[in-house]
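Peer 1: Before I ask anything, here is the structure I am working with.
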Amino acid sequence: MKDEVDKIPFAESYSKTHNSVKSNKDDLTRFASPTRNHEAACSGNCISKDSIVVTSKDSKHDRAELQQLHKRHRNTLDEGRSEAAAKRHNKGYRTARENLSDLCDEGSFIEYGQLAVAAQRGRIEEQELRTSTAADGVITGTATINSELYPENCDVAVIINDYSVLAGSQGFFHHHKLDRILTVAKEQQLPVLMFTEGGGGRPGDTDVTTQIAGLNILSFALWAGLSGVVPRIAVANGYCFAGNAALFGCADITIATQTSWIGMAGPAMIEGGGLGIFKPTEIGPIEVQSKNGVVDIVVKDEAEATAMAKKVLGVFQGSIAEWGCADQSTLQHLLPEDRRYAYPVRNIINAIADTGSFIELREKDGRGIVTGFIRIEGKPLGLIANDCKVLGGAIDSDASEKAARFMQLCNAYSIPLVSLCDTPGFMVGPRNEEAAAVRRMSRLFVAGAAITVPLVTIFLRKGYGLGAMAMAGGSFAKPSYSAAWPTGEFGGMGLEGAVTLGFKKELDAEQDPVAKKELFNKLVEEMYDLGKATEAASFLEIDAVIDPSHTRKVIAKAIKAASKKMQPRPERRFVDTW
Ligand SMILES: CC(=O)SCCNC(=O)CCNC(=O)[C@H](O)C(C)(C)COP(=O)(O)OP(=O)(O)OC[C@H]1O[C@@H](n2cnc3c(N)ncnc32)[C@H](O)[C@@H]1OP(=O)(O)O
């Protein structure tokens, strides 16, 4: 069974290993649905709209223990915690259960550990613990998401931190709940969606002294250990500090709202370390975390974050049957006539991709290379593209690391790659060397060499130097298919540099500066003609030169053909952030 699963992409292998689990869950869903339909008329026990729990509809006919149970459950739901819910709403935020409800398919959630309370029985009355530390500040369970689009691949594990409980801090049982659901995710091969709002470790859980020494806490290792095993998407809103931030940072894809503050320590820890007194809003605001690569996708609020989390999850869930695309003839006119002018590469990406499918990651970080997901004919693909509006398309260290990490991510989850190349090469010079160019830019080669998913490279315009080779996975011979638009131009290095280096003697021999300039321009022109796409194709450096309006079809066909020979998915591929 294992070998068989290894030969197919994540989404498919995941569904294959899930048939037995799924049928169990279906039973529960079937159980939930009819009851929910009766909810309005039901004055007694009812199944909650969002979870497989019994809610607290009082009924004098209930047995005492059932009434007790309803009460305990009610303490964990918004209806039983109206003050806490109102506090969230006053801040303009949602409650954890509102996010849960929006995220999961209706009636599909199965909750784990709902009756947990903070380990503070030695400090706080049991009854108060039940009302004020609901579920110990984290909702955990499994559910289906996007089941209408991906009926075979819709099971997920869900973790939603509840800030209304001790600021979402991570107590003893809170951690144990994380451990439990992450173990379930690993065993059942479930993608994980995690909302990480919270104030970090909770030293107040004094019932359990082992927590002080950090014993028994597996959550961080388990969560990080799922890298390359199942896709993990994290969402931040509000304050996300210390332990919560560490979880956020370990995710494969990170989404944060504009009202997010994310930091490896909160105010208390910073002050405790003698590093000054800061307001929480001075620590890791979104303006900072969106530019340094901590946050992949910035959204307005929790509603947008939830919708985006579902859309990103869809990339890992597989292909969709219905899609549309732009009129492909527009691609013939999206490059400027004059090769010296820049153009917005995102217009080209959006024209090639299925309508509305482009999800850009780390837009404001490493801006020289655009990274993100697209779909072509409904199939999810990873995309890297040079942006010639930034440094003329030259690849700097930030862009290299961003693209390398993205290639690894796609490779880890068997998502084929498309590269749109238009680069004069790597960004060079002493300043870049100070920024560790040699180590950081080389990451693109390291990541490219490890790719086993299909890669299709399309040269839009410039394909010069090591940078262009890196955009093609390390070598022009690496991609499953490489094609250029007629505007493609190639060379071992930028034309001007190549002429200066290669024709030094001829240029030095010319004394008249005007004549020297003319000679230089003539040599550049000649070298440009020699490196045109059609020439490169005739020397078999690339596989083809294509009409830009055929780009989508070429990518779709090449990836389909290469996917048939796709190498088996290794048991695990790490997603490294360098
Ligand atoms: C390894 C680690 O993770 S160590 C933890 C490091 N964490 C930190 O440095 C952050 C500590 N917390 C804070 O600075 C602040 O509480 C903030 C910024 C997170 C939240 O601020 P606010 O939204 O104003 O909420 P407030 O401070 O009132 O906290 C709400 C409640 O959660 C409690 N709380 C907040 N963070 C924690 C925490 N880490 N541990 C225990 N309780 C906490 C508060 O004491 C308060 O309890 P109360 O309602 O009983 O008074």
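Labeling convention for the structure tokens: chains A, B, ... as they appear, residues from 1 per chain, ligands from 1 in order of appearance.
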Using only C-alpha atoms and all ligand atoms, what does the table of chain A residues within 10 Å of ligand 1 look like, with each row giving the shortest atom pair and its distance in Å to one decimal, sorted by chain and ascending number, as CSV?
Peer 2:
```
residue,atom,partner,partner_atom_place_in_ligand_line,distance
A:Ser132,CA,ligand 1,50 (O),8.8
A:Thr133,CA,ligand 1,50 (O),9.9
A:Tyr163,CA,ligand 1,30 (C),8.0
A:Ser164,CA,ligand 1,30 (C),7.5
A:Val165,CA,ligand 1,32 (O),6.7
A:Leu166,CA,ligand 1,32 (O),3.3
A:Ala167,CA,ligand 1,32 (O),4.0
A:Gly168,CA,ligand 1,32 (O),7.2
A:Ser169,CA,ligand 1,38 (C),5.0
A:Gln170,CA,ligand 1,39 (N),7.2
A:Gly171,CA,ligand 1,40 (N),7.7
A:Glu197,CA,ligand 1,19 (C),9.0
A:Gly198,CA,ligand 1,19 (C),6.2
A:Gly199,CA,ligand 1,19 (C),3.8
A:Gly200,CA,ligand 1,3 (O),3.6
A:Gly201,CA,ligand 1,3 (O),3.4
A:Arg202,CA,ligand 1,40 (N),3.4
A:Pro203,CA,ligand 1,40 (N),5.5
A:Gly204,CA,ligand 1,41 (C),5.4
A:Asp205,CA,ligand 1,41 (C),7.7
A:Gly214,CA,ligand 1,1 (C),9.0
A:Gly238,CA,ligand 1,23 (O),8.5
A:Tyr239,CA,ligand 1,19 (C),6.1
A:Cys240,CA,ligand 1,19 (C),7.5
A:Phe241,CA,ligand 1,7 (N),6.0
A:Ala242,CA,ligand 1,3 (O),4.1
A:Gly243,CA,ligand 1,3 (O),4.0
A:Asn244,CA,ligand 1,3 (O),7.0
A:Ala245,CA,ligand 1,3 (O),8.5
A:Ala246,CA,ligand 1,3 (O),8.5
A:Trp261,CA,ligand 1,18 (C),9.4
A:Gly263,CA,ligand 1,9 (O),9.2
A:Met264,CA,ligand 1,3 (O),8.0
A:Ala265,CA,ligand 1,9 (O),5.1
A:Gly266,CA,ligand 1,9 (O),3.3
A:Pro267,CA,ligand 1,14 (O),4.4
A:Ala268,CA,ligand 1,9 (O),3.9
A:Met269,CA,ligand 1,9 (O),3.8
A:Ile270,CA,ligand 1,9 (O),6.4
A:Glu271,CA,ligand 1,9 (O),8.1
A:Gly272,CA,ligand 1,9 (O),8.3
A:Gly273,CA,ligand 1,9 (O),9.9
A:Phe278,CA,ligand 1,14 (O),9.2
A:Lys279,CA,ligand 1,18 (C),7.7
A:Pro280,CA,ligand 1,18 (C),5.1
A:Thr281,CA,ligand 1,18 (C),8.3
A:Ile283,CA,ligand 1,18 (C),9.5
```
Peer 1: Just write the chosen residues, C-alpha atoms, as a short mmCIF file (atom, residue, chain, number, x, y, z; two decimals), in the first residue's frame.
Peer 2:
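Once written, selection-v8.cif looks like this:
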```
data_model
loop_
_atom_site.label_atom_id
_atom_site.label_comp_id
_atom_site.auth_asym_id
_atom_site.auth_seq_id
_atom_site.Cartn_x
_atom_site.Cartn_y
_atom_site.Cartn_z
CA SER A 132 -13.47 31.57 31.73
CA THR A 133 -11.05 29.01 30.29
CA TYR A 163 -7.94 34.66 22.47
CA SER A 164 -10.89 35.17 24.80
CA VAL A 165 -9.31 32.57 27.10
CA LEU A 166 -6.31 34.09 28.90
CA ALA A 167 -5.29 35.87 25.68
CA GLY A 168 -5.01 32.59 23.79
CA SER A 169 -1.99 31.64 25.86
CA GLN A 170 -0.63 28.11 25.73
CA GLY A 171 -1.32 26.26 28.95
CA GLU A 197 -3.71 34.36 17.85
CA GLY A 198 -2.36 34.40 21.40
CA GLY A 199 0.06 35.60 24.03
CA GLY A 200 2.47 32.64 24.10
CA GLY A 201 3.36 30.33 26.95
CA ARG A 202 1.21 30.46 30.06
CA PRO A 203 3.27 30.36 33.24
CA GLY A 204 0.09 30.65 35.34
CA ASP A 205 -0.83 26.98 34.86
CA GLY A 214 8.89 22.64 29.37
CA GLY A 238 -4.44 40.35 16.54
CA TYR A 239 -1.52 39.52 18.83
CA CYS A 240 0.53 36.44 18.02
CA PHE A 241 3.51 36.29 20.34
CA ALA A 242 6.18 33.88 21.55
CA GLY A 243 4.98 30.25 21.38
CA ASN A 244 2.08 31.22 19.15
CA ALA A 245 4.43 33.04 16.77
CA ALA A 246 6.76 30.04 16.70
CA TRP A 261 1.25 41.85 15.44
CA GLY A 263 6.68 38.52 17.45
CA MET A 264 8.94 35.86 18.97
CA ALA A 265 8.27 37.56 22.31
CA GLY A 266 5.46 39.67 23.67
CA PRO A 267 5.83 42.76 25.85
CA ALA A 268 6.17 40.81 29.11
CA MET A 269 8.98 38.62 27.82
CA ILE A 270 10.84 41.53 26.23
CA GLU A 271 10.58 43.56 29.41
CA GLY A 272 11.56 40.52 31.49
CA GLY A 273 14.67 40.15 29.37
CA PHE A 278 7.03 48.15 24.41
CA LYS A 279 3.36 48.31 23.57
CA PRO A 280 2.16 45.12 21.86
CA THR A 281 1.37 47.19 18.78
CA ILE A 283 6.06 44.48 18.07
#
```
Peer 1: Pull the alpha helix (DSSP H) assignments for region 248-388 of chain A out of DSSP run on the backbone, and list those residues as a short mmCIF file (atom, residue, chain, number, x, y, z; two decimals) with all heavy atoms, in the first residue's frame.
Peer 2:
```
data_model
loop_
_atom_site.label_atom_id
_atom_site.label_comp_id
_atom_site.auth_asym_id
_atom_site.auth_seq_id
_atom_site.Cartn_x
_atom_site.Cartn_y
_atom_site.Cartn_z
N PHE A 248 3.21 29.80 14.18
CA PHE A 248 2.90 30.51 12.93
C PHE A 248 4.08 30.40 11.96
O PHE A 248 3.91 30.07 10.79
CB PHE A 248 2.61 31.99 13.27
CG PHE A 248 2.20 32.82 12.08
CD1 PHE A 248 0.91 32.76 11.58
CD2 PHE A 248 3.11 33.68 11.47
CE1 PHE A 248 0.53 33.54 10.49
CE2 PHE A 248 2.75 34.47 10.39
CZ PHE A 248 1.44 34.39 9.89
N GLY A 249 5.27 30.65 12.48
CA GLY A 249 6.46 30.67 11.64
C GLY A 249 6.83 29.31 11.05
O GLY A 249 7.50 29.24 10.03
N CYS A 250 6.39 28.24 11.70
CA CYS A 250 6.72 26.89 11.21
C CYS A 250 5.81 26.43 10.08
O CYS A 250 6.07 25.39 9.47
CB CYS A 250 6.59 25.87 12.34
SG CYS A 250 7.91 25.95 13.55
N PRO A 267 5.30 41.70 24.99
CA PRO A 267 5.83 42.76 25.85
C PRO A 267 6.42 42.24 27.17
O PRO A 267 7.50 42.67 27.57
CB PRO A 267 4.62 43.64 26.12
CG PRO A 267 3.67 43.34 25.02
CD PRO A 267 3.92 41.95 24.59
N ALA A 268 5.72 41.27 27.79
CA ALA A 268 6.17 40.81 29.11
C ALA A 268 7.56 40.16 29.01
O ALA A 268 8.44 40.40 29.83
CB ALA A 268 5.17 39.81 29.68
N MET A 269 7.72 39.35 27.99
CA MET A 269 8.98 38.62 27.82
C MET A 269 10.12 39.58 27.46
O MET A 269 11.25 39.44 27.94
CB MET A 269 8.79 37.61 26.69
CG MET A 269 9.68 36.42 26.75
SD MET A 269 9.04 35.25 25.53
CE MET A 269 10.51 34.39 25.12
N ILE A 270 9.81 40.56 26.63
CA ILE A 270 10.84 41.53 26.23
C ILE A 270 11.28 42.35 27.45
O ILE A 270 12.47 42.52 27.72
CB ILE A 270 10.30 42.47 25.12
CG1 ILE A 270 10.02 41.66 23.85
CG2 ILE A 270 11.29 43.59 24.82
CD1 ILE A 270 9.33 42.43 22.74
N GLU A 271 10.27 42.78 28.22
CA GLU A 271 10.58 43.56 29.41
C GLU A 271 11.35 42.70 30.42
O GLU A 271 12.35 43.13 31.00
CB GLU A 271 9.29 44.09 30.04
CG GLU A 271 9.54 45.12 31.13
CD GLU A 271 8.24 45.62 31.77
OE1 GLU A 271 7.15 45.37 31.20
OE2 GLU A 271 8.34 46.26 32.84
N GLY A 272 10.88 41.45 30.57
CA GLY A 272 11.56 40.52 31.49
C GLY A 272 13.01 40.30 31.11
O GLY A 272 13.87 40.09 31.97
N ILE A 286 2.16 44.34 10.84
CA ILE A 286 2.07 43.73 9.51
C ILE A 286 2.97 44.44 8.49
O ILE A 286 3.50 43.82 7.57
CB ILE A 286 0.59 43.67 9.03
CG1 ILE A 286 0.44 42.69 7.87
CG2 ILE A 286 0.07 45.04 8.66
CD1 ILE A 286 0.62 41.27 8.23
N GLU A 287 3.17 45.75 8.69
CA GLU A 287 4.05 46.49 7.76
C GLU A 287 5.46 45.89 7.77
O GLU A 287 6.15 45.90 6.76
CB GLU A 287 4.16 47.98 8.15
CG GLU A 287 2.85 48.77 8.11
CD GLU A 287 1.96 48.49 9.30
OE1 GLU A 287 2.49 48.20 10.40
OE2 GLU A 287 0.72 48.52 9.14
N VAL A 288 5.87 45.40 8.94
CA VAL A 288 7.20 44.78 9.05
C VAL A 288 7.16 43.34 8.53
O VAL A 288 7.96 42.93 7.69
CB VAL A 288 7.67 44.79 10.53
CG1 VAL A 288 8.91 43.94 10.72
CG2 VAL A 288 7.91 46.23 10.99
N GLN A 289 6.19 42.58 9.04
CA GLN A 289 6.19 41.13 8.77
C GLN A 289 5.80 40.77 7.35
O GLN A 289 6.00 39.63 6.92
CB GLN A 289 5.28 40.41 9.78
CG GLN A 289 5.62 40.66 11.24
CD GLN A 289 6.96 40.04 11.67
OE1 GLN A 289 7.84 39.84 10.86
NE2 GLN A 289 7.10 39.75 12.95
N GLU A 302 -10.42 38.81 9.49
CA GLU A 302 -10.57 37.36 9.68
C GLU A 302 -11.47 36.71 8.63
O GLU A 302 -11.24 35.55 8.25
CB GLU A 302 -11.12 37.06 11.08
CG GLU A 302 -10.12 37.33 12.19
CD GLU A 302 -10.79 37.40 13.54
OE1 GLU A 302 -11.46 38.43 13.81
OE2 GLU A 302 -10.67 36.44 14.32
N ALA A 303 -12.46 37.46 8.16
CA ALA A 303 -13.34 36.89 7.11
C ALA A 303 -12.52 36.62 5.85
O ALA A 303 -12.60 35.54 5.26
CB ALA A 303 -14.48 37.86 6.82
N GLU A 304 -11.70 37.60 5.47
CA GLU A 304 -10.85 37.41 4.29
C GLU A 304 -9.81 36.33 4.53
O GLU A 304 -9.47 35.55 3.64
CB GLU A 304 -10.14 38.72 3.92
CG GLU A 304 -10.91 39.56 2.95
CD GLU A 304 -10.09 40.70 2.36
OE1 GLU A 304 -8.84 40.64 2.38
OE2 GLU A 304 -10.71 41.67 1.90
N ALA A 305 -9.29 36.30 5.75
CA ALA A 305 -8.26 35.30 6.09
C ALA A 305 -8.83 33.89 5.95
O ALA A 305 -8.18 32.98 5.42
CB ALA A 305 -7.74 35.52 7.50
N THR A 306 -10.05 33.71 6.43
CA THR A 306 -10.68 32.39 6.37
C THR A 306 -10.91 31.99 4.91
O THR A 306 -10.63 30.85 4.51
CB THR A 306 -12.00 32.41 7.16
OG1 THR A 306 -11.73 32.93 8.46
CG2 THR A 306 -12.60 31.03 7.28
N ALA A 307 -11.43 32.94 4.13
CA ALA A 307 -11.68 32.65 2.71
C ALA A 307 -10.36 32.31 2.01
O ALA A 307 -10.28 31.37 1.20
CB ALA A 307 -12.35 33.84 2.05
N MET A 308 -9.31 33.06 2.33
CA MET A 308 -8.00 32.81 1.69
C MET A 308 -7.44 31.46 2.13
O MET A 308 -6.87 30.73 1.32
CB MET A 308 -7.04 33.96 2.03
CG MET A 308 -5.67 33.82 1.39
SD MET A 308 -5.69 33.59 -0.41
CE MET A 308 -6.02 35.25 -0.98
N ALA A 309 -7.60 31.15 3.42
CA ALA A 309 -7.09 29.85 3.91
C ALA A 309 -7.76 28.71 3.14
O ALA A 309 -7.11 27.73 2.76
CB ALA A 309 -7.35 29.72 5.40
N LYS A 310 -9.05 28.84 2.87
CA LYS A 310 -9.76 27.80 2.12
C LYS A 310 -9.27 27.73 0.67
O LYS A 310 -9.14 26.66 0.09
CB LYS A 310 -11.27 28.08 2.14
CG LYS A 310 -11.90 27.82 3.50
CD LYS A 310 -13.21 28.51 3.66
CE LYS A 310 -14.40 27.67 3.39
NZ LYS A 310 -15.64 28.28 3.91
N LYS A 311 -9.01 28.91 0.11
CA LYS A 311 -8.53 28.94 -1.28
C LYS A 311 -7.13 28.30 -1.39
O LYS A 311 -6.86 27.52 -2.29
CB LYS A 311 -8.49 30.40 -1.77
CG LYS A 311 -8.16 30.54 -3.23
CD LYS A 311 -8.33 31.97 -3.73
CE LYS A 311 -7.94 32.08 -5.20
NZ LYS A 311 -8.02 33.41 -5.75
N VAL A 312 -6.26 28.66 -0.43
CA VAL A 312 -4.91 28.09 -0.45
C VAL A 312 -4.97 26.57 -0.20
O VAL A 312 -4.30 25.79 -0.87
CB VAL A 312 -4.01 28.77 0.61
CG1 VAL A 312 -2.68 28.05 0.73
CG2 VAL A 312 -3.80 30.23 0.25
N LEU A 313 -5.81 26.16 0.73
CA LEU A 313 -5.97 24.73 0.99
C LEU A 313 -6.35 24.00 -0.30
O LEU A 313 -5.85 22.91 -0.59
CB LEU A 313 -7.04 24.51 2.07
CG LEU A 313 -7.40 23.06 2.35
CD1 LEU A 313 -6.25 22.32 3.01
CD2 LEU A 313 -8.66 22.97 3.22
N GLY A 314 -7.22 24.64 -1.09
CA GLY A 314 -7.67 24.06 -2.35
C GLY A 314 -6.51 23.68 -3.28
O GLY A 314 -6.57 22.69 -4.00
N VAL A 315 -5.44 24.48 -3.23
CA VAL A 315 -4.27 24.19 -4.07
C VAL A 315 -3.74 22.79 -3.74
O VAL A 315 -3.32 22.04 -4.62
CB VAL A 315 -3.18 25.25 -3.84
CG1 VAL A 315 -1.86 24.83 -4.47
CG2 VAL A 315 -3.63 26.61 -4.36
N PHE A 316 -3.76 22.45 -2.46
CA PHE A 316 -3.24 21.15 -2.03
C PHE A 316 -4.29 20.05 -2.16
O PHE A 316 -3.98 18.87 -2.02
CB PHE A 316 -2.74 21.23 -0.58
CG PHE A 316 -1.63 22.23 -0.40
CD1 PHE A 316 -1.88 23.52 0.04
CD2 PHE A 316 -0.32 21.88 -0.71
CE1 PHE A 316 -0.86 24.44 0.18
CE2 PHE A 316 0.71 22.79 -0.57
CZ PHE A 316 0.44 24.08 -0.12
N GLN A 317 -5.54 20.47 -2.36
CA GLN A 317 -6.60 19.46 -2.45
C GLN A 317 -6.76 18.91 -3.86
O GLN A 317 -7.32 17.85 -4.04
CB GLN A 317 -7.93 20.06 -1.96
CG GLN A 317 -7.94 20.29 -0.44
CD GLN A 317 -9.22 20.95 0.04
OE1 GLN A 317 -9.60 22.03 -0.43
NE2 GLN A 317 -9.90 20.33 1.00
N VAL A 345 4.67 42.09 -14.97
CA VAL A 345 4.65 40.65 -15.24
C VAL A 345 3.38 39.99 -14.69
O VAL A 345 2.93 38.95 -15.19
CB VAL A 345 5.93 39.96 -14.69
CG1 VAL A 345 5.92 39.86 -13.17
CG2 VAL A 345 6.09 38.58 -15.31
N ARG A 346 2.77 40.61 -13.66
CA ARG A 346 1.54 40.01 -13.11
C ARG A 346 0.41 40.00 -14.14
O ARG A 346 -0.48 39.15 -14.09
CB ARG A 346 1.12 40.75 -11.83
CG ARG A 346 2.06 40.45 -10.66
CD ARG A 346 1.81 41.34 -9.46
NE ARG A 346 2.79 41.08 -8.41
CZ ARG A 346 4.04 41.59 -8.39
NH1 ARG A 346 4.44 42.40 -9.37
NH2 ARG A 346 4.86 41.31 -7.40
N ASN A 347 0.43 40.95 -15.09
CA ASN A 347 -0.57 40.92 -16.17
C ASN A 347 -0.40 39.67 -17.01
O ASN A 347 -1.37 39.06 -17.45
CB ASN A 347 -0.45 42.16 -17.07
CG ASN A 347 -0.92 43.41 -16.36
OD1 ASN A 347 -1.40 43.34 -15.23
ND2 ASN A 347 -0.78 44.55 -17.01
N ILE A 348 0.85 39.30 -17.23
CA ILE A 348 1.12 38.09 -18.03
C ILE A 348 0.70 36.85 -17.25
O ILE A 348 0.07 35.94 -17.79
CB ILE A 348 2.62 38.04 -18.40
CG1 ILE A 348 2.91 39.18 -19.39
CG2 ILE A 348 3.01 36.68 -18.98
CD1 ILE A 348 4.33 39.29 -19.85
N ILE A 349 1.05 36.85 -15.94
CA ILE A 349 0.67 35.69 -15.10
C ILE A 349 -0.85 35.51 -15.11
O ILE A 349 -1.37 34.40 -15.32
CB ILE A 349 1.19 35.89 -13.65
CG1 ILE A 349 2.72 35.93 -13.64
CG2 ILE A 349 0.65 34.79 -12.74
CD1 ILE A 349 3.33 36.40 -12.33
N ASN A 350 -1.56 36.61 -14.89
CA ASN A 350 -3.02 36.52 -14.82
C ASN A 350 -3.63 36.11 -16.16
O ASN A 350 -4.67 35.44 -16.20
CB ASN A 350 -3.63 37.84 -14.34
CG ASN A 350 -3.53 37.96 -12.83
OD1 ASN A 350 -3.87 37.02 -12.10
ND2 ASN A 350 -3.05 39.08 -12.33
N ALA A 351 -2.98 36.50 -17.25
CA ALA A 351 -3.51 36.11 -18.57
C ALA A 351 -3.28 34.63 -18.83
O ALA A 351 -4.11 33.96 -19.44
CB ALA A 351 -2.86 36.95 -19.66
N ILE A 352 -2.17 34.11 -18.35
CA ILE A 352 -1.86 32.69 -18.57
C ILE A 352 -2.71 31.79 -17.65
O ILE A 352 -3.17 30.73 -18.05
CB ILE A 352 -0.35 32.41 -18.34
CG1 ILE A 352 0.48 33.09 -19.43
CG2 ILE A 352 -0.07 30.92 -18.31
CD1 ILE A 352 1.99 33.05 -19.19
#
```
Peer 1: Would you mind telling me which residue in A:Asp301, A:Asp296, A:Glu125, A:Asp207 lies nearest to Lys91 (chain A) when using only C-alpha atoms?
Peer 2: A:Asp301
Peer 1: Between CA of Ile159 (chain A) and CA of Gln188 (chain A), what is the distance, to one decimal in Å?
Peer 2: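 The value is 15.4 Å.
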Peer 1: Using only C-alpha atoms, determine which residues lie at most 12 Å from Arg180 (chain A), disregarding the query and same-chain residues fewer than 5 positions distant; provide the list as an MDAnalysis selection string.
Peer 2: chainID A and resid 111:113 139:142 157:159 173:175 185:187 217:219 222:223
Peer 1: Run DSSP on the backbone and grab whatever in region 135-175 of chain A lands in strand (DSSP E or B); send it over as a list in words.
Peer 2: Val138, Ile139, Thr140, Gly141, Thr142, Ala143, Thr144, Asp155, Val156, Ala157, Val158, Ile159, Ile160, Asn161 and Gln170 of chain A
Peer 1: Those selected residues, please, written with C-alpha atoms and delivered as a PDB file, in the first residue's frame.
Peer 2:
```pdb
ATOM      1  CA  VAL A 138      -7.901  26.250  21.749  1.00  0.00           C
ATOM      2  CA  ILE A 139     -10.498  24.515  19.623  1.00  0.00           C
ATOM      3  CA  THR A 140      -9.144  21.357  18.003  1.00  0.00           C
ATOM      4  CA  GLY A 141     -10.723  18.781  15.771  1.00  0.00           C
ATOM      5  CA  THR A 142     -11.188  17.398  12.299  1.00  0.00           C
ATOM      6  CA  ALA A 143     -13.611  18.563   9.655  1.00  0.00           C
ATOM      7  CA  THR A 144     -14.172  18.752   5.949  1.00  0.00           C
ATOM      8  CA  ASP A 155     -10.672  16.088   5.328  1.00  0.00           C
ATOM      9  CA  VAL A 156      -8.517  18.388   7.430  1.00  0.00           C
ATOM     10  CA  ALA A 157      -7.383  18.957  10.990  1.00  0.00           C
ATOM     11  CA  VAL A 158      -8.361  22.311  12.466  1.00  0.00           C
ATOM     12  CA  ILE A 159      -6.784  24.249  15.330  1.00  0.00           C
ATOM     13  CA  ILE A 160      -8.298  27.581  16.305  1.00  0.00           C
ATOM     14  CA  ASN A 161      -6.756  29.464  19.185  1.00  0.00           C
ATOM     15  CA  GLN A 170      -0.632  28.110  25.726  1.00  0.00           C
TER      16      GLN A 170
END
```
